[in-house]
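Enquirer: Contents of target_25.cif (mmCIF, C-alpha atoms) are given next:
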```cif
data_data
loop_
_atom_site.group_PDB
_atom_site.id
_atom_site.type_symbol
_atom_site.label_atom_id
_atom_site.label_comp_id
_atom_site.auth_asym_id
_atom_site.auth_seq_id
_atom_site.Cartn_x
_atom_site.Cartn_y
_atom_site.Cartn_z
ATOM 1 C CA MET D 360 -18.318 -3.063 17.228
ATOM 2 C CA GLU D 361 -20.556 -2.290 14.255
ATOM 3 C CA ARG D 362 -19.387 -3.320 10.811
ATOM 4 C CA LEU D 363 -17.673 -0.739 8.621
ATOM 5 C CA ASP D 364 -17.009 -0.898 4.908
ATOM 6 C CA VAL D 365 -13.586 0.254 3.763
ATOM 7 C CA VAL D 366 -12.876 2.247 0.600
ATOM 8 C CA LEU D 367 -9.271 1.835 -0.552
ATOM 9 C CA PRO D 368 -8.384 4.409 -3.251
ATOM 10 C CA SER D 369 -5.695 2.841 -5.419
ATOM 11 C CA ALA D 370 -6.178 4.482 -8.803
ATOM 12 C CA GLY D 371 -3.136 6.759 -8.998
ATOM 13 C CA LEU D 372 -0.170 6.462 -11.326
ATOM 14 C CA GLY D 373 2.506 7.324 -8.761
ATOM 15 C CA THR D 374 4.584 9.330 -11.234
ATOM 16 C CA ARG D 375 6.721 10.948 -8.506
ATOM 17 C CA ILE D 376 8.185 7.597 -7.510
ATOM 18 C CA GLY D 377 9.598 7.132 -11.020
ATOM 19 C CA ALA D 378 8.651 3.476 -11.491
ATOM 20 C CA PRO D 379 7.559 1.817 -14.765
ATOM 21 C CA VAL D 380 4.353 0.548 -13.122
ATOM 22 C CA PRO D 381 1.719 2.310 -10.957
ATOM 23 C CA LYS D 382 2.980 2.790 -7.406
ATOM 24 C CA GLN D 383 0.491 0.397 -5.839
ATOM 25 C CA PHE D 384 1.993 -2.471 -7.847
ATOM 26 C CA ILE D 385 5.669 -1.789 -7.014
ATOM 27 C CA LEU D 386 7.276 -4.573 -4.991
ATOM 28 C CA LEU D 387 7.758 -3.757 -1.318
ATOM 29 C CA ALA D 388 9.424 -6.445 0.793
ATOM 30 C CA GLY D 389 8.675 -8.993 -1.921
ATOM 31 C CA ALA D 390 4.976 -8.188 -2.369
ATOM 32 C CA PRO D 391 3.098 -5.547 -4.365
ATOM 33 C CA LEU D 392 2.766 -2.402 -2.252
ATOM 34 C CA ILE D 393 -1.036 -2.643 -2.129
ATOM 35 C CA VAL D 394 -0.809 -6.053 -0.448
ATOM 36 C CA HIS D 395 0.559 -4.530 2.764
ATOM 37 C CA PRO D 396 -2.459 -2.349 3.676
ATOM 38 C CA LEU D 397 -4.760 -5.122 2.446
ATOM 39 C CA ARG D 398 -3.248 -7.513 4.990
ATOM 40 C CA ALA D 399 -3.953 -5.126 7.847
ATOM 41 C CA ILE D 400 -7.484 -4.298 6.699
ATOM 42 C CA ALA D 401 -8.595 -7.818 5.754
ATOM 43 C CA ARG D 402 -8.187 -9.229 9.260
ATOM 44 C CA ARG D 403 -10.169 -6.581 11.138
ATOM 45 C CA PRO D 404 -13.203 -8.194 12.805
ATOM 46 C CA TRP D 405 -15.387 -5.152 12.069
ATOM 47 C CA LEU D 406 -14.705 -5.201 8.321
ATOM 48 C CA GLY D 407 -17.784 -5.233 6.115
ATOM 49 C CA THR D 408 -16.951 -4.960 2.411
ATOM 50 C CA LEU D 409 -13.498 -3.960 1.205
ATOM 51 C CA ILE D 410 -14.003 -1.725 -1.836
ATOM 52 C CA ILE D 411 -10.841 -1.208 -3.900
ATOM 53 C CA VAL D 412 -10.937 1.699 -6.338
ATOM 54 C CA HIS D 413 -8.501 1.021 -9.181
ATOM 55 C CA GLY D 414 -7.333 2.953 -12.205
ATOM 56 C CA PRO D 415 -8.557 2.404 -15.781
ATOM 57 C CA GLY D 416 -7.108 -0.776 -17.247
ATOM 58 C CA GLN D 417 -5.830 -2.032 -13.878
ATOM 59 C CA ARG D 418 -8.590 -4.489 -12.984
ATOM 60 C CA ASP D 419 -6.911 -7.593 -14.415
ATOM 61 C CA ILE D 420 -3.577 -7.087 -12.681
ATOM 62 C CA LEU D 421 -5.350 -6.232 -9.427
ATOM 63 C CA GLN D 422 -7.499 -9.353 -9.628
ATOM 64 C CA GLN D 423 -4.366 -11.440 -10.181
ATOM 65 C CA ILE D 424 -2.653 -9.880 -7.154
ATOM 66 C CA LEU D 425 -5.706 -10.514 -4.974
ATOM 67 C CA HIS D 426 -5.831 -14.143 -6.141
ATOM 68 C CA ASP D 427 -2.100 -14.711 -5.642
ATOM 69 C CA HIS D 428 -2.203 -13.384 -2.075
ATOM 70 C CA GLY D 429 -5.448 -15.026 -0.989
ATOM 71 C CA PHE D 430 -7.757 -12.014 -0.742
ATOM 72 C CA THR D 431 -11.397 -12.814 -1.428
ATOM 73 C CA GLY D 432 -14.664 -10.921 -1.287
ATOM 74 C CA CYS D 433 -13.225 -7.573 -2.386
ATOM 75 C CA GLN D 434 -15.347 -5.318 -4.575
ATOM 76 C CA LEU D 435 -13.460 -3.649 -7.422
ATOM 77 C CA VAL D 436 -14.562 -0.251 -8.702
ATOM 78 C CA GLU D 437 -12.953 1.745 -11.506
ATOM 79 C CA GLY D 438 -11.840 5.170 -10.350
ATOM 80 C CA GLY D 439 -12.111 8.565 -11.984
ATOM 81 C CA ALA D 440 -9.809 11.311 -13.174
ATOM 82 C CA THR D 441 -9.137 12.618 -9.644
ATOM 83 C CA ARG D 442 -8.816 11.116 -6.196
ATOM 84 C CA GLN D 443 -11.983 12.931 -5.157
ATOM 85 C CA GLU D 444 -13.939 11.345 -7.984
ATOM 86 C CA SER D 445 -12.436 7.930 -7.258
ATOM 87 C CA VAL D 446 -13.479 8.082 -3.603
ATOM 88 C CA ARG D 447 -16.965 9.226 -4.599
ATOM 89 C CA ARG D 448 -17.300 6.244 -6.930
ATOM 90 C CA GLY D 449 -16.207 3.925 -4.140
ATOM 91 C CA LEU D 450 -18.703 5.464 -1.719
ATOM 92 C CA ALA D 451 -21.531 4.574 -4.105
ATOM 93 C CA HIS D 452 -20.971 0.925 -3.112
ATOM 94 C CA VAL D 453 -20.843 1.445 0.669
ATOM 95 C CA SER D 454 -23.736 -0.060 2.631
ATOM 96 C CA THR D 455 -22.642 0.531 6.251
ATOM 97 C CA ARG D 456 -23.594 3.509 8.430
ATOM 98 C CA ARG D 457 -19.943 4.424 8.835
ATOM 99 C CA VAL D 458 -17.027 3.963 6.464
ATOM 100 C CA ILE D 459 -13.247 4.020 6.559
ATOM 101 C CA VAL D 460 -11.279 5.558 3.685
ATOM 102 C CA HIS D 461 -7.623 4.562 3.526
ATOM 103 C CA ASN D 462 -5.031 5.541 0.937
ATOM 104 C CA ALA D 463 -3.319 2.421 -0.435
ATOM 105 C CA ALA D 464 -0.036 4.351 -0.540
ATOM 106 C CA VAL D 465 -0.014 4.454 3.285
ATOM 107 C CA ALA D 466 1.245 0.909 3.107
ATOM 108 C CA LEU D 467 2.496 0.348 6.651
ATOM 109 C CA VAL D 468 -0.810 1.031 8.394
ATOM 110 C CA THR D 469 -1.262 -1.066 11.518
ATOM 111 C CA ALA D 470 -4.266 -2.940 12.820
ATOM 112 C CA GLU D 471 -4.161 -0.760 15.938
ATOM 113 C CA THR D 472 -4.370 2.442 13.875
ATOM 114 C CA LEU D 473 -7.322 1.132 11.889
ATOM 115 C CA ASP D 474 -9.064 0.152 15.102
ATOM 116 C CA SER D 475 -8.464 3.592 16.617
ATOM 117 C CA VAL D 476 -10.341 5.411 13.845
ATOM 118 C CA ALA D 477 -13.015 2.724 13.638
ATOM 119 C CA ALA D 478 -13.792 3.089 17.357
ATOM 120 C CA ILE D 479 -14.800 6.773 17.217
ATOM 121 C CA ASP D 480 -18.214 7.710 15.846
ATOM 122 C CA ASP D 481 -17.969 11.235 14.441
ATOM 123 C CA ASP D 482 -18.434 13.096 11.159
ATOM 124 C CA CYS D 483 -14.754 12.598 10.375
ATOM 125 C CA VAL D 484 -11.905 11.060 12.362
ATOM 126 C CA THR D 485 -8.429 11.347 10.902
ATOM 127 C CA THR D 486 -5.013 10.219 12.008
ATOM 128 C CA THR D 487 -2.299 12.854 12.171
ATOM 129 C CA LEU D 488 1.456 13.093 12.445
ATOM 130 C CA PRO D 489 3.282 15.978 14.142
ATOM 131 C CA PHE D 490 4.816 18.550 11.806
ATOM 132 C CA ASP D 491 8.434 18.936 12.877
ATOM 133 C CA LEU D 492 9.909 20.941 9.998
ATOM 134 C CA SER D 493 10.666 24.668 10.000
ATOM 135 C CA LEU D 494 8.536 26.770 7.649
ATOM 136 C CA VAL D 495 8.910 30.271 6.252
ATOM 137 C CA ARG D 496 7.113 32.328 3.614
ATOM 138 C CA GLY D 497 9.070 33.901 0.794
ATOM 139 C CA GLU D 498 10.631 33.450 -2.615
ATOM 140 C CA ASP D 499 14.287 34.504 -2.771
ATOM 141 C CA GLN D 500 14.212 35.807 0.806
ATOM 142 C CA ALA D 501 12.297 34.639 3.859
ATOM 143 C CA HIS D 502 9.964 37.256 5.269
ATOM 144 C CA GLU D 503 7.746 35.345 7.707
ATOM 145 C CA VAL D 504 8.223 32.374 10.022
ATOM 146 C CA ILE D 505 5.216 30.065 10.298
ATOM 147 C CA PRO D 506 4.838 28.621 13.831
ATOM 148 C CA ARG D 507 4.649 24.857 13.760
ATOM 149 C CA SER D 508 3.494 24.163 17.315
ATOM 150 C CA ASP D 509 -0.127 23.552 16.296
ATOM 151 C CA LEU D 510 0.504 22.181 12.799
ATOM 152 C CA LYS D 511 -0.413 18.583 11.987
ATOM 153 C CA ILE D 512 0.029 16.341 8.950
ATOM 154 C CA ILE D 513 -3.344 14.790 8.092
ATOM 155 C CA ASN D 514 -3.130 11.208 6.933
ATOM 156 C CA SER D 515 -5.236 8.091 6.504
ATOM 157 C CA PRO D 516 -6.912 5.965 7.678
ATOM 158 C CA GLN D 517 -9.943 8.163 8.247
ATOM 159 C CA SER D 518 -13.434 7.191 9.374
ATOM 160 C CA PHE D 519 -16.669 8.974 8.459
ATOM 161 C CA ARG D 520 -20.397 8.888 8.941
ATOM 162 C CA THR D 521 -21.289 7.675 5.472
ATOM 163 C CA ASP D 522 -24.293 9.907 4.876
ATOM 164 C CA VAL D 523 -22.356 13.026 5.908
ATOM 165 C CA LEU D 524 -19.411 12.221 3.651
ATOM 166 C CA CYS D 525 -21.693 11.425 0.704
ATOM 167 C CA GLU D 526 -23.583 14.687 1.253
ATOM 168 C CA CYS D 527 -20.333 16.685 1.146
ATOM 169 C CA HIS D 528 -19.177 14.895 -2.001
ATOM 170 C CA ALA D 529 -22.518 15.611 -3.686
ATOM 171 C CA ARG D 530 -22.301 19.302 -2.787
ATOM 172 C CA ALA D 531 -18.756 19.486 -4.165
ATOM 173 C CA VAL D 532 -19.945 18.031 -7.483
ATOM 174 C CA THR D 533 -22.826 20.501 -7.678
ATOM 175 C CA GLU D 534 -20.562 23.437 -6.883
ATOM 176 C CA GLY D 535 -17.628 22.244 -8.999
ATOM 177 C CA LYS D 536 -15.208 22.286 -6.061
ATOM 178 C CA ALA D 537 -12.097 20.118 -5.728
ATOM 179 C CA PHE D 538 -10.289 19.130 -2.541
ATOM 180 C CA ALA D 539 -7.026 17.296 -1.884
ATOM 181 C CA SER D 540 -8.501 15.133 0.875
ATOM 182 C CA GLU D 541 -11.782 14.127 2.481
ATOM 183 C CA ALA D 542 -10.808 15.978 5.657
ATOM 184 C CA GLU D 543 -10.492 19.235 3.691
ATOM 185 C CA LEU D 544 -13.817 18.510 1.984
ATOM 186 C CA MET D 545 -15.542 18.000 5.332
ATOM 187 C CA MET D 546 -14.020 21.099 6.889
ATOM 188 C CA HIS D 547 -15.090 23.225 3.923
ATOM 189 C CA TYR D 548 -18.718 22.271 4.538
ATOM 190 C CA GLY D 549 -18.529 22.911 8.270
ATOM 191 C CA LYS D 550 -18.344 19.319 9.466
ATOM 192 C CA LYS D 551 -16.455 18.251 12.558
ATOM 193 C CA VAL D 552 -13.005 16.758 11.941
ATOM 194 C CA ARG D 553 -11.510 15.025 14.942
ATOM 195 C CA LEU D 554 -7.735 14.591 15.071
ATOM 196 C CA ILE D 555 -6.078 11.588 16.697
ATOM 197 C CA PRO D 556 -2.346 10.790 16.703
ATOM 198 C CA GLY D 557 -1.036 8.116 14.386
ATOM 199 C CA PRO D 558 2.308 6.279 14.535
ATOM 200 C CA ALA D 559 5.344 7.614 12.669
ATOM 201 C CA ARG D 560 5.256 4.657 10.281
ATOM 202 C CA ASN D 561 1.859 5.845 9.044
ATOM 203 C CA PHE D 562 3.349 7.843 6.178
ATOM 204 C CA LYS D 563 2.351 8.002 2.526
ATOM 205 C CA ILE D 564 4.838 6.403 0.145
ATOM 206 C CA THR D 565 5.335 9.036 -2.533
ATOM 207 C CA THR D 566 9.042 9.199 -3.402
ATOM 208 C CA PRO D 567 11.851 6.655 -3.866
ATOM 209 C CA LEU D 568 13.170 7.692 -0.426
ATOM 210 C CA ASP D 569 9.795 6.821 1.152
ATOM 211 C CA LEU D 570 9.936 3.417 -0.515
ATOM 212 C CA MET D 571 13.450 2.798 0.816
ATOM 213 C CA LEU D 572 12.365 3.740 4.339
ATOM 214 C CA ALA D 573 9.410 1.352 4.159
ATOM 215 C CA GLU D 574 11.731 -1.436 2.996
ATOM 216 C CA VAL D 575 14.054 -0.832 5.953
ATOM 217 C CA LEU D 576 11.205 -0.798 8.477
ATOM 218 C CA LEU D 577 9.740 -4.042 7.174
ATOM 219 C CA ALA D 578 13.188 -5.690 7.063
ATOM 220 C CA ARG D 579 13.804 -4.751 10.705
ATOM 221 C CA GLU D 580 10.431 -6.153 11.731
ATOM 222 C CA ALA D 581 11.072 -9.381 9.847
ATOM 223 C CA LEU D 582 14.437 -9.741 11.587
ATOM 224 C CA ALA D 583 12.947 -8.979 15.013
ATOM 225 C CA SER D 584 10.227 -11.594 14.492
ATOM 226 C CA GLN D 585 12.915 -14.256 14.052
ATOM 227 C CA GLN D 586 14.647 -13.397 17.325
ATOM 228 C CA PRO D 587 13.162 -14.807 20.554
ATOM 229 C CA GLY D 588 12.081 -12.183 23.056
ATOM 230 C CA GLN D 589 11.926 -9.385 20.485
ATOM 231 C CA HIS D 590 8.714 -7.455 19.841
ATOM 232 C CA HIS D 591 7.784 -5.879 16.544
ATOM 233 C CA ALA D 592 4.978 -3.709 15.242
ATOM 234 C CA VAL D 593 2.063 -5.306 13.459
ATOM 235 C CA ALA D 594 2.016 -4.294 9.782
#
```
Would it be possible to restate this file's structure as structure tokens?

Expert:
Amino acid sequence: MERLDVVLPSAGLGTRIGAPVPKQFILLAGAPLIVHPLRAIARRPWLGTLIIVHGPGQRDILQQILHDHGFTGCQLVEGGATRQESVRRGLAHVSTRRVIVHNAAVALVTAETLDSVAAIDDDCVTTTLPFDLSLVRGEDQAHEVIPRSDLKIINSPQSFRTDVLCECHARAVTEGKAFASEAELMMHYGKKVRLIPGPARNFKITTPLDLMLAEVLLAREALASQQPGQHHAVA
């Protein structure tokens, strides 16, 4: 397989999780949260350069974490005021024809999931999770049910043709448009976005409850790995 650079946005503050440090530095199963996706990404045979986009003033602590956990060859880039700007800054350092963008907060990403998006050459390939909640429109009273049968939760990792993604980012800057995700950016400019299923564990850690769930999943996998004959997912 061709080599792909990876852009890992990790510049947020994580205010919704209510921790005294940025979310990516919170301990998860004894290691900073960002270490978990790094472990999965760093061992992929197709990996070119791993570009980590960090927040202002976070370079020193990130460098220390990388050193402590044996990660070498990463390129550190300071992010911007928004996720969109941070990703754009990371893309400026990409040298491969295709690129993977993965949110550091999706900490339990598996090697298999990364490989699945890396294997498909398209404008945009994104993992999804099924949407299994009931939705209605309304304020004090519900007045419309929203069918969920064809709804999907878009998540990372995502792969892109680098030139197409950079073109869309440049157009958004020129037009002053902001988007919550690269998939939305690509769709706005008429690019193809291919959906592939991702595992349930491929969720973004946003709240304290998400963090607790991730802790439980990793604890179960650690226990299973110590028991002969048991199989566990690769984190």

Enquirer: Go through D:His395, D:Lys551, D:Arg520, D:Arg456 one by one, measure the shortest atom-to-atom distance of each to Leu577 in chain D using all atoms listed in the file, and give the residue with the smallest value.

Expert: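 With all atoms listed in the file as the atom set, the closest residue is D:His395.
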
Enquirer: Using only C-alpha atoms, which of D:Pro558, D:Gly535, D:Pro516, D:Gly549 sits nearest Ala463 in chain D?

Expert: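 Distance minimum relative to Ala463 in chain D lands on D:Pro516.
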
Enquirer: Just want the 8 Å neighbourhood of range 363-366 of chain D, counted on all atoms listed in the file, with same-chain residues fewer than 4 positions away dropped. Output as a PDB file with C-alpha atoms, in the coordinates of the input.

Expert:
```
ATOM      1  CA  TRP D 405     -15.387  -5.152  12.069  1.00  0.00           C
ATOM      2  CA  LEU D 406     -14.705  -5.201   8.321  1.00  0.00           C
ATOM      3  CA  GLY D 407     -17.784  -5.233   6.115  1.00  0.00           C
ATOM      4  CA  THR D 408     -16.951  -4.960   2.411  1.00  0.00           C
ATOM      5  CA  LEU D 409     -13.498  -3.960   1.205  1.00  0.00           C
ATOM      6  CA  ILE D 410     -14.003  -1.725  -1.836  1.00  0.00           C
ATOM      7  CA  ILE D 411     -10.841  -1.208  -3.900  1.00  0.00           C
ATOM      8  CA  VAL D 412     -10.937   1.699  -6.338  1.00  0.00           C
ATOM      9  CA  VAL D 446     -13.479   8.082  -3.603  1.00  0.00           C
ATOM     10  CA  GLY D 449     -16.207   3.925  -4.140  1.00  0.00           C
ATOM     11  CA  LEU D 450     -18.703   5.464  -1.719  1.00  0.00           C
ATOM     12  CA  VAL D 453     -20.843   1.445   0.669  1.00  0.00           C
ATOM     13  CA  SER D 454     -23.736  -0.060   2.631  1.00  0.00           C
ATOM     14  CA  THR D 455     -22.642   0.531   6.251  1.00  0.00           C
ATOM     15  CA  ARG D 456     -23.594   3.509   8.430  1.00  0.00           C
ATOM     16  CA  ARG D 457     -19.943   4.424   8.835  1.00  0.00           C
ATOM     17  CA  VAL D 458     -17.027   3.963   6.464  1.00  0.00           C
ATOM     18  CA  ILE D 459     -13.247   4.020   6.559  1.00  0.00           C
ATOM     19  CA  VAL D 460     -11.279   5.558   3.685  1.00  0.00           C
ATOM     20  CA  HIS D 461      -7.623   4.562   3.526  1.00  0.00           C
ATOM     21  CA  ALA D 477     -13.015   2.724  13.638  1.00  0.00           C
TER      22      ALA D 477
END
```

Enquirer: Which residue is closest to Pro381 in chain D? Choose from D:Leu473, D:Ile420, D:Leu397, D:Ala578 and count only C-alpha atoms.

Expert: D:Ile420

Enquirer: Measure the distance from CA of Lys536 in chain D to CA of Ile513 in chain D in Å and round it to one decimal.

Expert: 19.9 Å

Enquirer: Could you check how far CA of Met546 in chain D sits from CA of Asp482 in chain D, in Å to one decimal?

Expert: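 Straight-line distance from CA of Met546 in chain D to CA of Asp482 in chain D works out to 10.1 Å.
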
Enquirer: What does the distance between CA of Glu361 in chain D and CA of His528 in chain D come to in Å, to one decimal place?

Expert: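 Going from CA of Glu361 in chain D over to CA of His528 in chain D, I get 23.7 Å.
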
Enquirer: Name every residue that the PyMOL selection byres ((chain D and resi 422) around 12) selects in this structure, writing the answer as a list in words with chains first and numbers rising.

Expert: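 So the PyMOL selection byres ((chain D and resi 422) around 12), applied here, picks out Phe384, Ile393, Val394, Ile411, His413, Gly416, Gln417, Arg418, Asp419, Ile420, Leu421, Gln423, Ile424, Leu425, His426, Asp427, His428, Gly429, Phe430, Thr431, Gly432, Cys433, Gln434, Leu435 and Val436 of chain D.
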
Enquirer: For this file, the PyMOL selection byres ((chain D and resi 438-445) around 8) selects which residues, as a VMD selection string?

Expert: chain D and resid 368 370 to 371 412 to 415 436 to 437 446 to 449 537 to 541

Enquirer: Specify as JSON, numbers by chain each residue included when the PyMOL selection byres ((chain D and resi 564-567) around 7) is applied to this file.

Expert: {"D": [375, 376, 464, 465, 562, 563, 568, 569, 570, 571]}

Enquirer: Output as a short mmCIF file (atom, residue, chain, number, x, y, z; two decimals), in the coordinates of the input: range 396-424 of chain D, completed with N, CA and C atoms.

Expert:
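Saved as selection08.cif:
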```cif
data_model
loop_
_atom_site.label_atom_id
_atom_site.label_comp_id
_atom_site.auth_asym_id
_atom_site.auth_seq_id
_atom_site.Cartn_x
_atom_site.Cartn_y
_atom_site.Cartn_z
N PRO D 396 -1.26 -2.83 2.99
CA PRO D 396 -2.46 -2.35 3.68
C PRO D 396 -3.61 -3.34 3.62
N LEU D 397 -3.70 -4.12 2.54
CA LEU D 397 -4.76 -5.12 2.45
C LEU D 397 -4.66 -6.15 3.58
N ARG D 398 -3.44 -6.54 3.91
CA ARG D 398 -3.25 -7.51 4.99
C ARG D 398 -3.77 -6.97 6.31
N ALA D 399 -3.50 -5.72 6.58
CA ALA D 399 -3.95 -5.13 7.85
C ALA D 399 -5.47 -4.99 7.87
N ILE D 400 -6.04 -4.54 6.76
CA ILE D 400 -7.48 -4.30 6.70
C ILE D 400 -8.27 -5.61 6.72
N ALA D 401 -7.81 -6.60 5.97
CA ALA D 401 -8.60 -7.82 5.75
C ALA D 401 -8.84 -8.61 7.03
N ARG D 402 -8.00 -8.44 8.04
CA ARG D 402 -8.19 -9.23 9.26
C ARG D 402 -8.92 -8.48 10.38
N ARG D 403 -9.44 -7.30 10.10
CA ARG D 403 -10.17 -6.58 11.14
C ARG D 403 -11.55 -7.20 11.33
N PRO D 404 -11.93 -7.51 12.56
CA PRO D 404 -13.20 -8.19 12.80
C PRO D 404 -14.42 -7.35 12.45
N TRP D 405 -14.26 -6.03 12.38
CA TRP D 405 -15.39 -5.15 12.07
C TRP D 405 -15.55 -4.91 10.57
N LEU D 406 -14.67 -5.48 9.76
CA LEU D 406 -14.70 -5.20 8.32
C LEU D 406 -15.98 -5.73 7.66
N GLY D 407 -16.66 -4.83 6.94
CA GLY D 407 -17.78 -5.23 6.12
C GLY D 407 -17.28 -5.62 4.73
N THR D 408 -17.45 -4.73 3.77
CA THR D 408 -16.95 -4.96 2.41
C THR D 408 -15.72 -4.10 2.17
N LEU D 409 -14.70 -4.70 1.59
CA LEU D 409 -13.50 -3.96 1.20
C LEU D 409 -13.64 -3.56 -0.26
N ILE D 410 -13.76 -2.26 -0.49
CA ILE D 410 -14.00 -1.72 -1.84
C ILE D 410 -12.70 -1.10 -2.34
N ILE D 411 -12.11 -1.69 -3.36
CA ILE D 411 -10.84 -1.21 -3.90
C ILE D 411 -11.13 -0.42 -5.17
N VAL D 412 -10.72 0.84 -5.17
CA VAL D 412 -10.94 1.70 -6.34
C VAL D 412 -9.65 1.71 -7.15
N HIS D 413 -9.70 1.17 -8.35
CA HIS D 413 -8.50 1.02 -9.18
C HIS D 413 -8.56 1.95 -10.38
N GLY D 414 -7.41 2.10 -11.03
CA GLY D 414 -7.33 2.95 -12.20
C GLY D 414 -7.84 2.25 -13.45
N PRO D 415 -8.13 3.00 -14.51
CA PRO D 415 -8.56 2.40 -15.78
C PRO D 415 -7.52 1.40 -16.29
N GLY D 416 -8.00 0.24 -16.70
CA GLY D 416 -7.11 -0.78 -17.25
C GLY D 416 -6.33 -1.56 -16.22
N GLN D 417 -6.60 -1.36 -14.92
CA GLN D 417 -5.83 -2.03 -13.88
C GLN D 417 -6.57 -3.21 -13.24
N ARG D 418 -7.79 -3.46 -13.66
CA ARG D 418 -8.59 -4.49 -12.98
C ARG D 418 -7.95 -5.87 -13.07
N ASP D 419 -7.45 -6.24 -14.25
CA ASP D 419 -6.91 -7.59 -14.42
C ASP D 419 -5.70 -7.83 -13.53
N ILE D 420 -4.77 -6.89 -13.51
CA ILE D 420 -3.58 -7.09 -12.68
C ILE D 420 -3.94 -7.08 -11.20
N LEU D 421 -4.93 -6.26 -10.82
CA LEU D 421 -5.35 -6.23 -9.43
C LEU D 421 -6.02 -7.54 -9.04
N GLN D 422 -6.86 -8.07 -9.91
CA GLN D 422 -7.50 -9.35 -9.63
C GLN D 422 -6.46 -10.46 -9.47
N GLN D 423 -5.41 -10.42 -10.28
CA GLN D 423 -4.37 -11.44 -10.18
C GLN D 423 -3.62 -11.33 -8.86
N ILE D 424 -3.33 -10.09 -8.43
CA ILE D 424 -2.65 -9.88 -7.15
C ILE D 424 -3.52 -10.38 -6.00
#
```
